[in-house]
$ cat my_file07.csv   # CSV, C-alpha atoms
chain,number,residue,atom,x,y,z
A,25,MET,CA,-12.6,83.2,15.0
A,26,GLY,CA,-12.9,83.1,11.2
A,27,GLU,CA,-10.5,80.2,10.7
A,28,LYS,CA,-11.8,77.4,8.5
A,29,VAL,CA,-11.7,73.9,10.0
A,30,LYS,CA,-12.2,70.6,8.2
A,31,VAL,CA,-12.0,67.2,9.9
A,32,VAL,CA,-12.0,64.1,7.8
A,33,ILE,CA,-13.9,61.1,9.1
A,34,ALA,CA,-12.2,57.9,7.7
A,35,THR,CA,-14.7,55.2,6.9
A,36,HIS,CA,-14.8,52.1,4.7
A,37,LYS,CA,-18.5,51.5,4.9
A,38,PRO,CA,-21.8,53.3,5.2
A,39,TYR,CA,-22.2,54.6,8.7
A,40,ARG,CA,-24.1,57.3,10.6
A,41,MET,CA,-22.1,60.6,10.6
A,42,PRO,CA,-22.2,63.7,12.7
A,43,THR,CA,-24.0,66.6,11.0
A,44,ASP,CA,-21.7,69.4,12.1
A,45,PRO,CA,-20.4,71.2,9.0
A,46,MET,CA,-16.7,70.9,10.0
A,47,TYR,CA,-16.8,67.1,9.3
A,48,LEU,CA,-16.2,65.5,6.0
A,49,PRO,CA,-16.9,61.8,5.8
A,50,LEU,CA,-14.3,60.2,3.5
A,51,GLN,CA,-14.4,56.7,2.0
A,52,VAL,CA,-10.9,55.4,2.5
A,53,GLY,CA,-9.6,52.6,0.3
A,54,ALA,CA,-12.1,53.7,-2.4
A,55,TYR,CA,-9.8,52.7,-5.2
A,56,GLY,CA,-11.5,50.0,-7.3
A,57,LYS,CA,-14.6,50.0,-5.1
A,58,ASP,CA,-18.2,51.2,-5.5
A,59,SER,CA,-19.2,54.5,-3.9
A,60,ILE,CA,-20.8,54.5,-0.5
A,61,GLY,CA,-22.1,58.0,-0.8
A,62,PHE,CA,-19.2,59.9,0.8
A,63,GLN,CA,-16.2,61.8,-0.6
A,64,ARG,CA,-13.7,59.2,-2.0
A,65,ASP,CA,-10.0,59.1,-1.3
A,66,ASP,CA,-9.2,58.0,-4.8
A,67,GLU,CA,-10.0,61.5,-6.2
A,68,GLY,CA,-7.4,64.2,-6.6
A,69,GLU,CA,-3.8,63.4,-5.4
A,70,ASN,CA,-4.0,60.2,-3.4
A,71,ILE,CA,-2.6,56.9,-2.3
A,72,SER,CA,-6.0,55.1,-2.0
A,73,GLU,CA,-4.7,51.9,-3.5
A,74,LEU,CA,-2.3,51.6,-0.4
A,75,ASN,CA,-5.3,51.4,2.0
A,76,PRO,CA,-4.9,47.7,2.7
A,77,TYR,CA,-1.5,48.6,4.2
A,78,PHE,CA,-1.8,52.2,5.3
A,79,CYS,CA,-5.4,52.1,6.7
A,80,GLU,CA,-6.7,55.5,7.7
A,81,LEU,CA,-3.5,57.1,6.6
A,82,THR,CA,-4.8,57.2,3.0
A,83,GLY,CA,-7.4,59.5,4.4
A,84,LEU,CA,-4.7,61.6,6.1
A,85,TYR,CA,-2.8,61.8,2.8
A,86,TRP,CA,-5.9,62.8,0.9
A,87,ALA,CA,-6.7,65.6,3.4
A,88,TRP,CA,-3.1,66.8,3.2
A,89,LYS,CA,-3.0,67.0,-0.6
A,90,ASN,CA,-6.6,68.1,-1.3
A,91,LEU,CA,-8.0,70.2,1.5
A,92,ASP,CA,-7.5,73.9,1.9
A,93,SER,CA,-8.4,74.9,5.5
A,94,ASP,CA,-6.8,76.7,8.3
A,95,TYR,CA,-7.1,73.6,10.5
A,96,ILE,CA,-7.2,70.0,9.2
A,97,GLY,CA,-7.9,66.9,11.2
A,98,LEU,CA,-8.6,63.2,11.1
A,99,VAL,CA,-11.0,61.0,13.2
A,100,HIS,CA,-12.6,57.6,12.6
A,101,TYR,CA,-16.2,56.6,11.9
A,102,ARG,CA,-16.3,54.8,15.2
A,103,ARG,CA,-14.0,56.9,17.3
A,104,HIS,CA,-14.5,60.7,17.8
A,105,PHE,CA,-13.3,63.6,19.9
A,106,SER,CA,-15.7,64.6,22.7
A,107,TYR,CA,-15.8,66.9,25.6
A,108,HIS,CA,-18.9,65.0,26.9
A,109,ARG,CA,-17.7,61.5,26.8
A,110,TYR,CA,-20.1,60.3,29.4
A,111,ALA,CA,-23.2,61.8,27.8
A,112,LYS,CA,-26.1,59.3,27.3
A,113,ASP,CA,-26.4,60.2,23.6
A,114,LYS,CA,-23.0,59.7,22.1
A,115,TRP,CA,-24.0,61.3,18.8
A,116,GLU,CA,-24.9,64.5,20.5
A,117,SER,CA,-21.6,64.5,22.4
A,118,ILE,CA,-19.3,64.5,19.4
A,119,LEU,CA,-17.0,67.5,19.3
A,120,LYS,CA,-18.6,70.5,17.6
A,121,GLU,CA,-17.0,73.2,15.6
A,122,SER,CA,-18.3,75.8,18.0
A,123,GLU,CA,-16.6,74.1,20.9
A,124,LEU,CA,-13.3,73.7,19.0
A,125,LYS,CA,-13.2,77.3,17.9
A,126,LYS,CA,-13.2,78.6,21.4
A,127,ASP,CA,-9.6,77.5,21.5
A,128,ILE,CA,-8.6,78.7,18.0
A,129,PRO,CA,-6.2,80.2,17.1
A,130,LYS,CA,-4.5,79.9,20.5
A,131,ILE,CA,-4.3,76.1,20.3
A,132,LYS,CA,-2.4,74.8,17.3
A,133,VAL,CA,-2.6,71.0,18.0
A,134,PHE,CA,-5.6,69.1,19.3
A,135,LEU,CA,-5.0,65.5,20.3
A,136,PRO,CA,-6.8,62.6,21.9
A,137,THR,CA,-6.0,62.1,25.6
A,138,LYS,CA,-3.0,59.9,26.3
A,139,ARG,CA,-3.5,56.2,26.1
A,140,ARG,CA,-1.7,54.5,28.9
A,141,TYR,CA,-0.3,51.0,28.8
A,142,TYR,CA,0.9,50.8,32.5
A,143,ILE,CA,2.9,47.5,32.2
A,144,GLU,CA,4.2,48.1,28.7
A,145,THR,CA,6.3,50.7,26.9
A,146,LEU,CA,5.2,51.7,23.4
A,147,TYR,CA,8.1,49.7,22.1
A,148,SER,CA,7.5,46.5,24.2
A,149,HIS,CA,3.8,46.6,23.5
A,150,TYR,CA,4.5,46.8,19.8
A,151,GLU,CA,7.1,44.1,19.9
A,152,HIS,CA,4.8,41.8,21.8
A,153,THR,CA,1.7,42.4,19.6
A,154,HIS,CA,3.3,42.9,16.2
A,155,TYR,CA,6.9,42.7,14.9
A,156,GLY,CA,9.6,44.8,16.5
A,157,ILE,CA,11.8,44.8,13.4
A,158,GLN,CA,9.3,47.3,11.9
A,159,LEU,CA,10.0,49.8,14.7
A,160,ASP,CA,13.7,49.0,14.6
A,161,GLU,CA,13.9,49.8,10.8
A,162,THR,CA,11.9,52.9,11.4
A,163,ARG,CA,14.5,54.1,13.9
A,164,LYS,CA,17.2,53.4,11.3
A,165,ILE,CA,15.3,55.5,8.7
A,166,ILE,CA,14.9,58.4,11.2
A,167,GLU,CA,18.6,58.2,12.0
A,168,GLU,CA,19.5,58.4,8.3
A,169,LYS,CA,16.9,60.9,7.1
A,170,CYS,CA,16.2,63.1,10.0
A,171,PRO,CA,18.6,62.4,12.9
A,172,VAL,CA,17.5,65.4,14.9
A,173,PHE,CA,14.4,63.4,15.7
A,174,LEU,CA,16.3,60.3,16.9
A,175,GLU,CA,16.5,61.4,20.6
A,176,SER,CA,12.8,62.1,20.6
A,177,PHE,CA,12.0,58.7,19.0
A,178,ASP,CA,14.1,56.9,21.6
A,179,ARG,CA,12.3,58.9,24.4
A,180,ALA,CA,8.8,58.3,22.9
A,181,VAL,CA,9.1,54.5,22.5
A,182,LYS,CA,10.3,54.1,26.2
A,183,ARG,CA,7.2,55.8,27.5
A,184,ARG,CA,4.2,53.9,28.8
A,185,TRP,CA,1.7,56.3,27.1
A,186,GLY,CA,1.1,57.9,23.8
A,187,HIS,CA,-1.3,59.9,21.7
A,188,MET,CA,-2.6,57.1,19.5
A,189,PHE,CA,-5.2,56.3,16.8
A,190,ASN,CA,-3.8,58.8,14.2
A,191,MET,CA,-6.4,61.3,15.5
A,192,MET,CA,-5.5,64.9,15.4
A,193,ILE,CA,-6.7,68.4,14.4
A,194,MET,CA,-3.8,70.8,13.6
A,195,ASP,CA,-2.9,74.1,12.3
A,196,LYS,CA,-2.4,73.7,8.5
A,197,GLY,CA,1.2,74.7,8.6
A,198,LEU,CA,2.0,72.1,11.3
A,199,PHE,CA,-0.2,69.6,9.6
A,200,ASP,CA,1.7,70.0,6.3
A,201,GLU,CA,5.0,69.7,8.2
A,202,TYR,CA,4.0,66.5,10.0
A,203,CYS,CA,2.6,64.8,6.9
A,204,THR,CA,5.7,65.6,4.9
A,205,TRP,CA,7.8,64.0,7.6
A,206,VAL,CA,5.7,60.9,8.4
A,207,PHE,CA,5.0,59.9,4.8
A,208,ASP,CA,8.6,60.3,3.8
A,209,ILE,CA,9.5,57.8,6.6
A,210,LEU,CA,6.6,55.4,5.8
A,211,PHE,CA,7.3,55.2,2.1
A,212,GLU,CA,10.9,54.4,2.8
A,213,LEU,CA,9.9,51.8,5.3
A,214,ARG,CA,7.7,50.1,2.7
A,215,THR,CA,10.6,50.1,0.3
A,216,ARG,CA,12.8,48.4,2.8
A,217,LEU,CA,10.4,45.9,4.4
A,218,GLY,CA,7.2,45.7,2.4
A,219,GLU,CA,4.5,43.2,3.3
A,220,ASP,CA,5.9,39.9,1.9
A,221,GLY,CA,5.1,37.0,4.2
A,222,LEU,CA,2.7,39.0,6.4
A,223,THR,CA,-1.0,38.3,6.9
A,224,PRO,CA,-3.5,41.0,5.8
A,225,PHE,CA,-3.8,42.0,9.4
A,226,HIS,CA,-0.1,42.4,10.0
A,227,SER,CA,0.4,44.0,6.6
A,228,ARG,CA,-1.4,47.1,8.0
A,229,TYR,CA,1.6,48.0,10.1
A,230,TYR,CA,2.3,51.5,8.6
A,231,GLY,CA,-0.7,53.0,10.4
A,232,ARG,CA,0.5,51.4,13.7
A,233,ILE,CA,4.0,52.8,13.2
A,234,SER,CA,2.7,56.3,12.5
A,235,GLU,CA,0.7,56.2,15.8
A,236,ILE,CA,3.9,55.7,17.7
A,237,ILE,CA,6.2,58.1,15.8
A,238,PHE,CA,3.7,60.9,15.9
A,239,ASN,CA,4.7,61.1,19.5
A,240,ALA,CA,8.4,61.4,18.5
A,241,TRP,CA,7.5,64.2,16.1
A,242,LEU,CA,5.5,66.1,18.7
A,243,ASP,CA,8.2,65.6,21.3
A,244,LYS,CA,10.8,67.2,19.0
A,245,LYS,CA,8.6,70.1,18.2
A,246,LEU,CA,8.0,70.8,21.9
A,247,MET,CA,11.6,70.4,22.7
A,248,ASP,CA,12.8,72.9,20.1
A,249,GLY,CA,10.0,75.3,20.8
A,250,THR,CA,8.3,75.1,17.3
A,251,ILE,CA,5.2,74.2,19.3
A,252,LYS,CA,4.6,75.6,22.7
A,253,LYS,CA,3.1,73.4,25.5
A,254,ASP,CA,0.2,75.8,25.8
A,255,GLN,CA,-0.6,75.4,22.1
A,256,VAL,CA,-1.4,71.7,22.5
A,257,LYS,CA,-4.7,70.5,24.0
A,258,GLU,CA,-5.9,67.0,24.7
A,259,ILE,CA,-9.5,66.2,24.1
A,260,PRO,CA,-11.2,63.0,25.4
A,261,TYR,CA,-12.3,60.5,22.7
A,262,ILE,CA,-15.3,58.2,22.6
A,263,HIS,CA,-16.0,54.9,20.9
A,264,MET,CA,-19.2,54.8,19.0
A,265,GLU,CA,-19.5,51.0,19.3
A,266,LYS,CA,-19.3,48.8,22.3
A,267,ILE,CA,-15.9,47.4,23.1
A,268,ASN,CA,-15.3,44.0,24.7
A,269,TRP,CA,-12.7,45.2,27.2
A,270,TRP,CA,-12.4,41.7,28.8
A,271,LYS,CA,-11.4,40.2,25.4
A,272,LYS,CA,-9.1,43.2,24.7
A,273,GLY,CA,-7.4,42.9,28.1
A,274,LEU,CA,-7.0,39.1,27.6
A,275,PHE,CA,-5.3,39.5,24.3
A,276,PHE,CA,-3.1,42.2,25.8
A,277,LEU,CA,-1.9,39.9,28.6
A,278,ARG,CA,-1.5,37.0,26.2
A,279,ALA,CA,0.8,39.1,24.0
A,280,LYS,CA,2.9,40.2,26.9
A,281,PHE,CA,3.3,37.0,28.9
A,282,ALA,CA,2.6,34.2,26.4
A,283,GLY,CA,4.1,35.6,23.2
A,284,LYS,CA,0.8,35.5,21.3
A,285,LYS,CA,0.8,38.3,18.7
A,286,TYR,CA,-2.4,40.0,17.8
A,287,ASP,CA,-4.2,38.5,14.8
A,288,GLN,CA,-7.2,40.9,14.7
A,289,SER,CA,-8.4,44.4,15.6
A,290,PHE,CA,-10.5,45.1,18.6
$ encode --input "my_file07.csv" --output "structure tokens"
Amino acid sequence: MGEKVKVVIATHKPYRMPTDPMYLPLQVGAYGKDSIGFQRDDEGENISELNPYFCELTGLYWAWKNLDSDYIGLVHYRRHFSYHRYAKDKWESILKESELKKDIPKIKVFLPTKRRYYIETLYSHYEHTHYGIQLDETRKIIEEKCPVFLESFDRAVKRRWGHMFNMMIMDKGLFDEYCTWVFDILFELRTRLGEDGLTPFHSRYYGRISEIIFNAWLDKKLMDGTIKKDQVKEIPYIHMEKINWWKKGLFFLRAKFAGKKYDQSF
């Protein structure tokens, strides 16, 4: 019960933050910008200047390189883990360290509940909303750099669900292993494809790719027994701001049936 847990909250603007001591608000993309009063991701070893492309992954990288805790995690300023997702006061329902530690050290990987697409696979949804070549090139990189993950990649992209949002809390050893793996792939992907010709919105594809390939990494670790099934736990997630589900659903259907790629976040 004495394990130290630190969960980074990625944010780019001032925002209300939970007061539980396990959380560390982190200003992502802080490079060249004024402080907003939180820990900056351009201190220590960092890739803060890549935030326009890597989004919250600059926070993941900063946590990987600069935090020393038994468990390390990442959430978002407007998206949190919660065992009480239907509580009236969302801020009081955010996951607390005391709740998490009931499952530590038995659980090694805490993840958001699966996001289901129903009429899309992870691949087809990405292809319809973004650019499939980015996932295709990622597959080539995995085949060249770490081919033992290729079967899991192919299995993951054919599913109609995934653990998304780059949200996680993991045992430090597994966290280090995952970050080493994913950033090696993403840096190579940037070398090969880059952002030329893409809008600022579509230039942020590295964070979207990592959402998908995390599922391939986890699949492989479960298949080879590095991580046991009973060492993984899903936790519901909550949005701190109201979502226009009608608009979100409309854009989803337009992408699938009319070929209209996303041009904004929701």
$ atom_distance --input "my_file07.csv" --atom1 "CA of Met194 in chain A" --atom2 "CA of Ile118 in chain A"
17.7 Å
$ closest_residue --input "my_file07.csv" --among "A:His100, A:Lys30, A:His149, A:Lys120" --to "Thr43 in chain A" --atoms "all atoms listed in the file"
A:Lys120
$ residues_around --input "my_file07.csv" --residues "Ile259 in chain A" --least-positions-apart "2" --cutoff "8 Å" --atoms "all atoms listed in the file" --output "list in words"
Phe105, Ser106, Tyr107, Phe134, Leu135, Pro136, Thr137, Lys257 and Tyr261 of chain A
$ atom_distance --input "my_file07.csv" --atom1 "CA of Val31 in chain A" --atom2 "CA of Met46 in chain A"
6.0 Å
$ closest_residue --input "my_file07.csv" --among "A:Pro171, A:Gly156, A:Pro42, A:Pro260" --to "Tyr101 in chain A" --atoms "only C-alpha atoms"
A:Pro42
$ atom_distance --input "my_file07.csv" --atom1 "CA of Tyr230 in chain A" --atom2 "CA of Phe78 in chain A"
5.3 Å
$ closest_residue --input "my_file07.csv" --among "A:Trp115, A:Tyr77, A:Phe225, A:Trp88" --to "Phe211 in chain A" --atoms "all atoms listed in the file"
A:Tyr77
$ residues_around --input "my_file07.csv" --residues "Ile71 in chain A" --least-positions-apart "6" --cutoff "8 Å" --atoms "all atoms listed in the file" --output "short mmCIF file (atom, residue, chain, number, x, y, z; two decimals) with C-alpha atoms, keeping the file's coordinate frame"
data_model
loop_
_atom_site.label_atom_id
_atom_site.label_comp_id
_atom_site.auth_asym_id
_atom_site.auth_seq_id
_atom_site.Cartn_x
_atom_site.Cartn_y
_atom_site.Cartn_z
CA ASP A 65 -10.00 59.10 -1.30
CA THR A 82 -4.80 57.20 3.00
CA TYR A 85 -2.80 61.80 2.80
CA TRP A 86 -5.90 62.80 0.90
#
$ decode --input "my_file07.csv" --residues "range 82-100 of chain A" --atoms "N, CA and C atoms" --output "short mmCIF file (atom, residue, chain, number, x, y, z; two decimals), in the first residue's frame"
data_model
loop_
_atom_site.label_atom_id
_atom_site.label_comp_id
_atom_site.auth_asym_id
_atom_site.auth_seq_id
_atom_site.Cartn_x
_atom_site.Cartn_y
_atom_site.Cartn_z
N THR A 82 3.26 14.91 -25.53
CA THR A 82 4.42 15.60 -24.95
C THR A 82 4.36 15.53 -23.42
N GLY A 83 3.14 15.43 -22.89
CA GLY A 83 2.98 15.23 -21.45
C GLY A 83 3.35 13.83 -21.04
N LEU A 84 2.98 12.85 -21.86
CA LEU A 84 3.35 11.46 -21.59
C LEU A 84 4.87 11.31 -21.60
N TYR A 85 5.50 11.93 -22.58
CA TYR A 85 6.97 11.87 -22.69
C TYR A 85 7.62 12.52 -21.48
N TRP A 86 7.10 13.69 -21.07
CA TRP A 86 7.67 14.39 -19.91
C TRP A 86 7.55 13.52 -18.66
N ALA A 87 6.39 12.92 -18.46
CA ALA A 87 6.20 12.06 -17.29
C ALA A 87 7.17 10.89 -17.32
N TRP A 88 7.34 10.29 -18.48
CA TRP A 88 8.25 9.16 -18.65
C TRP A 88 9.69 9.53 -18.27
N LYS A 89 10.12 10.68 -18.71
CA LYS A 89 11.52 11.07 -18.53
C LYS A 89 11.81 11.77 -17.21
N ASN A 90 10.78 12.28 -16.55
CA ASN A 90 11.05 13.15 -15.40
C ASN A 90 10.40 12.75 -14.08
N LEU A 91 9.48 11.79 -14.10
CA LEU A 91 8.84 11.39 -12.85
C LEU A 91 9.43 10.09 -12.32
N ASP A 92 9.49 10.01 -11.01
CA ASP A 92 9.99 8.81 -10.34
C ASP A 92 8.93 8.33 -9.36
N SER A 93 8.03 7.51 -9.85
CA SER A 93 6.95 6.97 -9.03
C SER A 93 6.75 5.50 -9.37
N ASP A 94 6.10 4.78 -8.47
CA ASP A 94 5.85 3.35 -8.71
C ASP A 94 4.79 3.14 -9.78
N TYR A 95 3.83 4.07 -9.87
CA TYR A 95 2.82 4.06 -10.91
C TYR A 95 2.76 5.47 -11.51
N ILE A 96 2.66 5.53 -12.84
CA ILE A 96 2.59 6.81 -13.53
C ILE A 96 1.43 6.76 -14.51
N GLY A 97 0.71 7.88 -14.61
CA GLY A 97 -0.44 7.91 -15.50
C GLY A 97 -0.62 9.23 -16.20
N LEU A 98 -1.59 9.23 -17.13
CA LEU A 98 -1.92 10.42 -17.89
C LEU A 98 -3.43 10.51 -18.05
N VAL A 99 -3.98 11.69 -17.76
CA VAL A 99 -5.38 11.99 -18.04
C VAL A 99 -5.42 13.38 -18.69
N HIS A 100 -6.61 13.92 -18.91
CA HIS A 100 -6.76 15.20 -19.58
C HIS A 100 -7.54 16.16 -18.70
#
